[in-house]
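Next comes query.pdb, with PDB, C-alpha atoms and all ligand atoms.
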```
ATOM      1  CA  MET A   1      22.614  11.433   8.271  1.00  0.00           C
ATOM      2  CA  THR A   2      22.994  14.627   6.276  1.00  0.00           C
ATOM      3  CA  CYS A   3      22.935  15.012   2.505  1.00  0.00           C
ATOM      4  CA  PRO A   4      26.517  15.621   1.259  1.00  0.00           C
ATOM      5  CA  HIS A   5      25.181  17.883  -1.479  1.00  0.00           C
ATOM      6  CA  CYS A   6      22.799  20.258   0.297  1.00  0.00           C
ATOM      7  CA  GLY A   7      23.346  19.427   3.975  1.00  0.00           C
ATOM      8  CA  ALA A   8      19.703  18.578   4.603  1.00  0.00           C
ATOM      9  CA  SER A   9      18.789  15.915   7.156  1.00  0.00           C
ATOM     10  CA  VAL A  10      17.800  12.740   5.295  1.00  0.00           C
ATOM     11  CA  TYR A  11      16.950   9.172   6.295  1.00  0.00           C
ATOM     12  CA  GLU A  12      19.810   6.716   6.258  1.00  0.00           C
ATOM     13  CA  ASN A  13      18.054   4.356   3.840  1.00  0.00           C
ATOM     14  CA  ASP A  14      17.054   7.063   1.378  1.00  0.00           C
ATOM     15  CA  VAL A  15      18.518   6.492  -2.058  1.00  0.00           C
ATOM     16  CA  LYS A  16      17.812  10.023  -3.196  1.00  0.00           C
ATOM     17  CA  CYS A  17      17.842  13.258  -1.225  1.00  0.00           C
ATOM     18  CA  PRO A  18      14.232  14.503  -1.049  1.00  0.00           C
ATOM     19  CA  TYR A  19      15.422  18.126  -0.994  1.00  0.00           C
ATOM     20  CA  CYS A  20      17.990  18.431  -3.775  1.00  0.00           C
ATOM     21  CA  ASP A  21      17.237  15.185  -5.686  1.00  0.00           C
ATOM     22  CA  SER A  22      20.860  14.037  -5.666  1.00  0.00           C
ATOM     23  CA  PHE A  23      21.683  10.369  -5.165  1.00  0.00           C
ATOM     24  CA  LEU A  24      23.104   9.379  -1.793  1.00  0.00           C
ATOM     25  CA  GLU A  25      26.007   6.946  -1.812  1.00  0.00           C
ATOM     26  CA  THR A  26      24.999   5.256   1.431  1.00  0.00           C
ATOM     27  CA  GLY A  27      21.419   4.669   0.298  1.00  0.00           C
ATOM     28  CA  ASN A  28      19.574   1.364   0.302  1.00  0.00           C
ATOM     29  CA  ASN A  29      21.555  -0.316   3.083  1.00  0.00           C
ATOM     30  CA  ALA A  30      18.740  -0.339   5.599  1.00  0.00           C
ATOM     31  CA  TYR A  31      18.818  -4.056   6.320  1.00  0.00           C
ATOM     32  CA  THR A  32      22.508  -4.795   6.502  1.00  0.00           C
ATOM     33  CA  ARG A  33      23.809  -6.272   9.708  1.00  0.00           C
ATOM     34  CA  ARG A  34      26.328  -4.293  11.661  1.00  0.00           C
ATOM     35  CA  PRO A  35      27.819  -5.266  14.991  1.00  0.00           C
ATOM     36  CA  VAL A  36      26.559  -3.253  17.942  1.00  0.00           C
ATOM     37  CA  GLY A  37      27.538  -4.082  21.490  1.00  0.00           C
ATOM     38  CA  GLY A  38      28.845  -7.582  20.873  1.00  0.00           C
ATOM     39  CA  PRO A  39      28.791 -10.533  18.511  1.00  0.00           C
ATOM     40  CA  GLY A  40      25.401 -11.556  17.177  1.00  0.00           C
ATOM     41  CA  GLN A  41      23.914  -8.184  17.985  1.00  0.00           C
ATOM     42  CA  PHE A  42      22.737  -5.978  15.185  1.00  0.00           C
ATOM     43  CA  THR A  43      20.586  -2.929  14.662  1.00  0.00           C
ATOM     44  CA  MET A  44      18.257  -2.052  11.841  1.00  0.00           C
ATOM     45  CA  ASN A  45      19.445   1.113  10.144  1.00  0.00           C
ATOM     46  CA  GLY A  46      17.158   3.947   9.184  1.00  0.00           C
ATOM     47  CA  PRO A  47      13.893   5.072  10.723  1.00  0.00           C
ATOM     48  CA  ASP A  48      11.349   2.685  12.244  1.00  0.00           C
ATOM     49  CA  GLN A  49       8.899   3.055   9.381  1.00  0.00           C
ATOM     50  CA  VAL A  50       6.509   0.476   7.985  1.00  0.00           C
ATOM     51  CA  ASN A  51       7.516  -0.309   4.413  1.00  0.00           C
ATOM     52  CA  ALA A  52       4.482  -0.857   2.147  1.00  0.00           C
ATOM     53  CA  ALA A  53       6.346  -3.338  -0.074  1.00  0.00           C
ATOM     54  CA  LEU A  54       7.370  -5.408   2.947  1.00  0.00           C
ATOM     55  CA  VAL A  55       3.769  -5.354   4.207  1.00  0.00           C
ATOM     56  CA  VAL A  56       2.635  -6.899   0.902  1.00  0.00           C
ATOM     57  CA  VAL A  57       5.468  -9.456   1.036  1.00  0.00           C
ATOM     58  CA  SER A  58       4.550 -10.311   4.650  1.00  0.00           C
ATOM     59  CA  ILE A  59       0.985 -11.100   3.573  1.00  0.00           C
ATOM     60  CA  LEU A  60       1.951 -13.040   0.429  1.00  0.00           C
ATOM     61  CA  ILE A  61       4.843 -14.904   2.070  1.00  0.00           C
ATOM     62  CA  PRO A  62       3.764 -15.147   5.737  1.00  0.00           C
ATOM     63  CA  ILE A  63       6.901 -16.943   6.868  1.00  0.00           C
ATOM     64  CA  PHE A  64       8.953 -14.010   5.564  1.00  0.00           C
ATOM     65  CA  GLY A  65       6.755 -11.604   7.530  1.00  0.00           C
ATOM     66  CA  VAL A  66       7.290 -13.575  10.725  1.00  0.00           C
ATOM     67  CA  ILE A  67      11.051 -13.882  10.232  1.00  0.00           C
ATOM     68  CA  PHE A  68      11.532 -10.294   9.102  1.00  0.00           C
ATOM     69  CA  GLY A  69       9.248  -9.069  11.889  1.00  0.00           C
ATOM     70  CA  ALA A  70      11.331 -10.917  14.457  1.00  0.00           C
ATOM     71  CA  ILE A  71      14.541  -9.515  12.957  1.00  0.00           C
ATOM     72  CA  SER A  72      13.111  -5.975  12.986  1.00  0.00           C
ATOM     73  CA  LEU A  73      11.933  -6.322  16.572  1.00  0.00           C
ATOM     74  CA  GLY A  74      15.331  -7.650  17.664  1.00  0.00           C
ATOM     75  CA  GLY A  75      17.119  -4.973  15.655  1.00  0.00           C
ATOM     76  CA  GLY A  76      15.370  -2.056  17.328  1.00  0.00           C
ATOM     77  CA  HIS A  77      12.412  -1.484  15.021  1.00  0.00           C
ATOM     78  CA  PRO A  78       9.525  -2.415  17.347  1.00  0.00           C
ATOM     79  CA  LYS A  79       6.818  -0.565  15.413  1.00  0.00           C
ATOM     80  CA  SER A  80       7.407  -1.895  11.901  1.00  0.00           C
ATOM     81  CA  GLY A  81       8.623  -5.257  13.264  1.00  0.00           C
ATOM     82  CA  LYS A  82       5.337  -5.790  15.068  1.00  0.00           C
ATOM     83  CA  VAL A  83       3.389  -4.957  11.877  1.00  0.00           C
ATOM     84  CA  TYR A  84       5.292  -7.542   9.769  1.00  0.00           C
ATOM     85  CA  LEU A  85       5.084 -10.145  12.529  1.00  0.00           C
ATOM     86  CA  ILE A  86       1.335  -9.708  13.076  1.00  0.00           C
ATOM     87  CA  LEU A  87       0.617  -9.674   9.319  1.00  0.00           C
ATOM     88  CA  GLY A  88       2.734 -12.792   8.808  1.00  0.00           C
ATOM     89  CA  LEU A  89       1.041 -14.658  11.662  1.00  0.00           C
ATOM     90  CA  ALA A  90      -2.398 -13.485  10.529  1.00  0.00           C
ATOM     91  CA  ALA A  91      -1.698 -14.639   6.973  1.00  0.00           C
ATOM     92  CA  ILE A  92      -0.568 -18.064   8.246  1.00  0.00           C
ATOM     93  CA  PHE A  93      -3.939 -18.481   9.958  1.00  0.00           C
ATOM     94  CA  VAL A  94      -6.070 -16.856   7.255  1.00  0.00           C
ATOM     95  CA  PHE A  95      -4.718 -18.747   4.239  1.00  0.00           C
ATOM     96  CA  PRO A  96      -5.748 -22.263   5.373  1.00  0.00           C
ATOM     97  CA  CYS A  97      -9.207 -20.854   6.144  1.00  0.00           C
ATOM     98  CA  LEU A  98      -9.455 -19.407   2.625  1.00  0.00           C
ATOM     99  CA  MET A  99      -8.225 -22.695   1.138  1.00  0.00           C
ATOM    100  CA  PHE A 100     -11.137 -24.362   2.913  1.00  0.00           C
ATOM    101  CA  VAL A 101     -13.834 -21.712   2.489  1.00  0.00           C
ATOM    102  CA  ILE A 102     -13.318 -20.874  -1.202  1.00  0.00           C
ATOM    103  CA  PRO A 103     -13.711 -24.477  -2.533  1.00  0.00           C
ATOM    104  CA  LEU A 104     -16.705 -24.850  -0.201  1.00  0.00           C
ATOM    105  CA  CYS A 105     -18.321 -21.771  -1.762  1.00  0.00           C
ATOM    106  CA  PHE A 106     -17.661 -23.123  -5.257  1.00  0.00           C
ATOM    107  CA  ALA A 107     -19.200 -26.471  -4.317  1.00  0.00           C
ATOM    108  CA  LEU A 108     -22.206 -24.693  -2.838  1.00  0.00           C
ATOM    109  CA  PHE A 109     -22.690 -22.538  -5.944  1.00  0.00           C
ATOM    110  CA  ALA A 110     -22.353 -25.635  -8.147  1.00  0.00           C
ATOM    111  CA  GLU A 111     -25.117 -27.340  -6.146  1.00  0.00           C
ATOM    112  CA  ILE A 112     -27.368 -24.263  -6.383  1.00  0.00           C
ATOM    113  CA  PHE A 113     -26.681 -24.003 -10.121  1.00  0.00           C
ATOM    114  CA  LYS A 114     -27.522 -27.699 -10.589  1.00  0.00           C
ATOM    115  CA  ALA A 115     -30.773 -27.305  -8.638  1.00  0.00           C
ATOM    116  CA  PHE A 116     -31.966 -24.583 -11.010  1.00  0.00           C
ATOM    117  CA  GLN A 117     -31.161 -26.488 -14.195  1.00  0.00           C
TER     118      GLN A 117
HETATM  119 ZN    ZN B   1      20.396  17.110  -0.705  1.00  0.00          ZN
END
```
Any chance you could put this one into structure tokens?
Amino acid sequence: MTCPHCGASVYENDVKCPYCDSFLETGNNAYTRRPVGGPGQFTMNGPDQVNAALVVVSILIPIFGVIFGAISLGGGHPKSGKVYLILGLAAIFVFPCLMFVIPLCFALFAEIFKAFQ
């Protein structure tokens, strides 16, 4: 889309124009569904860019990463969708390992500490 104030080319999900600093009315609607080519079909608006905040959310809430990744992939954002999906799946596998390894380390350190007392 183009900025209504200065005519510069800006991303559809930009809230503010990066060139003239004016607020864009259509900003922040990157993840709204809109029908394209039939019922149930939708496209992700804006550029296929990996959002840092969503990367963090995908790691902290893996199920969100998987779901949002699948939605992004289906909505025509293969690059960022794949990132969220892989991070979400990785986090699902990594967290149980950490839950197991961290207490094990604590137990080990406790034993070592006891041995030196
Ligand atoms: Zn502008």
Hey, which residues sit close to ligand ZN 1 (chain B)? Say within 7 Å, counting only C-alpha atoms and all ligand atoms, and write them as a PDB file with C-alpha atoms, keeping the file's coordinate frame.
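Okay, this is what ended up in part-v2.pdb:
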```pdb
ATOM      1  CA  CYS A   3      22.935  15.012   2.505  1.00  0.00           C
ATOM      2  CA  PRO A   4      26.517  15.621   1.259  1.00  0.00           C
ATOM      3  CA  HIS A   5      25.181  17.883  -1.479  1.00  0.00           C
ATOM      4  CA  CYS A   6      22.799  20.258   0.297  1.00  0.00           C
ATOM      5  CA  GLY A   7      23.346  19.427   3.975  1.00  0.00           C
ATOM      6  CA  ALA A   8      19.703  18.578   4.603  1.00  0.00           C
ATOM      7  CA  CYS A  17      17.842  13.258  -1.225  1.00  0.00           C
ATOM      8  CA  PRO A  18      14.232  14.503  -1.049  1.00  0.00           C
ATOM      9  CA  TYR A  19      15.422  18.126  -0.994  1.00  0.00           C
ATOM     10  CA  CYS A  20      17.990  18.431  -3.775  1.00  0.00           C
ATOM     11  CA  ASP A  21      17.237  15.185  -5.686  1.00  0.00           C
ATOM     12  CA  SER A  22      20.860  14.037  -5.666  1.00  0.00           C
TER      13      SER A  22
END
```
List, as an mmCIF file with C-alpha atoms, in the coordinates of the input, every residue that the PyMOL selection byres (((chain A and resi 70) around 12) and not hetatm) selects in the file provided.
```cif
data_model
loop_
_atom_site.group_PDB
_atom_site.id
_atom_site.type_symbol
_atom_site.label_atom_id
_atom_site.label_comp_id
_atom_site.auth_asym_id
_atom_site.auth_seq_id
_atom_site.Cartn_x
_atom_site.Cartn_y
_atom_site.Cartn_z
ATOM 1 C CA MET A 44 18.257 -2.052 11.841
ATOM 2 C CA SER A 58 4.550 -10.311 4.650
ATOM 3 C CA ILE A 63 6.901 -16.943 6.868
ATOM 4 C CA PHE A 64 8.953 -14.010 5.564
ATOM 5 C CA GLY A 65 6.755 -11.604 7.530
ATOM 6 C CA VAL A 66 7.290 -13.575 10.725
ATOM 7 C CA ILE A 67 11.051 -13.882 10.232
ATOM 8 C CA PHE A 68 11.532 -10.294 9.102
ATOM 9 C CA GLY A 69 9.248 -9.069 11.889
ATOM 10 C CA ILE A 71 14.541 -9.515 12.957
ATOM 11 C CA SER A 72 13.111 -5.975 12.986
ATOM 12 C CA LEU A 73 11.933 -6.322 16.572
ATOM 13 C CA GLY A 74 15.331 -7.650 17.664
ATOM 14 C CA GLY A 75 17.119 -4.973 15.655
ATOM 15 C CA GLY A 76 15.370 -2.056 17.328
ATOM 16 C CA HIS A 77 12.412 -1.484 15.021
ATOM 17 C CA PRO A 78 9.525 -2.415 17.347
ATOM 18 C CA LYS A 79 6.818 -0.565 15.413
ATOM 19 C CA SER A 80 7.407 -1.895 11.901
ATOM 20 C CA GLY A 81 8.623 -5.257 13.264
ATOM 21 C CA LYS A 82 5.337 -5.790 15.068
ATOM 22 C CA VAL A 83 3.389 -4.957 11.877
ATOM 23 C CA TYR A 84 5.292 -7.542 9.769
ATOM 24 C CA LEU A 85 5.084 -10.145 12.529
ATOM 25 C CA ILE A 86 1.335 -9.708 13.076
ATOM 26 C CA LEU A 87 0.617 -9.674 9.319
ATOM 27 C CA GLY A 88 2.734 -12.792 8.808
ATOM 28 C CA LEU A 89 1.041 -14.658 11.662
#
```
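For the set A:Glu25, A:Ile61, A:Gln117, A:Asp14, the residue with the smallest atom-to-atom gap to Pro47 of chain A is A:Asp14, counting all atoms listed in the file.
Across the model, the gap from atom CA of Met99 of chain A to atom CA of Ala52 of chain A is 25.3 Å.
Atom pair atom CA of Phe109 of chain A / atom CA of Phe95 of chain A: separated by 21.0 Å.
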Could you tell me which residues the PyMOL selection byres (((chain A and resi 11) around 8) and not hetatm) returns for this structure, as a short mmCIF file (atom, residue, chain, number, x, y, z; two decimals) with C-alpha atoms, in the frame of the given file?
```cif
data_model
loop_
_atom_site.label_atom_id
_atom_site.label_comp_id
_atom_site.auth_asym_id
_atom_site.auth_seq_id
_atom_site.Cartn_x
_atom_site.Cartn_y
_atom_site.Cartn_z
CA MET A 1 22.61 11.43 8.27
CA SER A 9 18.79 15.92 7.16
CA VAL A 10 17.80 12.74 5.30
CA GLU A 12 19.81 6.72 6.26
CA ASN A 13 18.05 4.36 3.84
CA ASP A 14 17.05 7.06 1.38
CA GLY A 46 17.16 3.95 9.18
CA PRO A 47 13.89 5.07 10.72
#
```
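The interatomic distance for the pair atom CA of Ile92 of chain A and atom CA of Ile59 of chain A works out to 8.5 Å.
Closest to Pro96 of chain A among A:Phe23, A:Pro62, A:Lys114, A:Asp48 is A:Pro62, based on all atoms listed in the file.
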Nearest candidate to Val55 of chain A (options A:Phe100, A:Thr43, A:Ala91, A:Leu24; using only C-alpha atoms): A:Ala91
Edge lengths and centre in Å to one decimal, as lines of an AutoDock Vina configuration file, is what I'm after for the box along x, y and z that holds all listed atoms of segment 94-105 of chain A once 6 Å is added on each side.
```
center_x = -11.5
center_y = -20.9
center_z = 2.4
size_x = 25.6
size_y = 20.0
size_z = 21.8
```
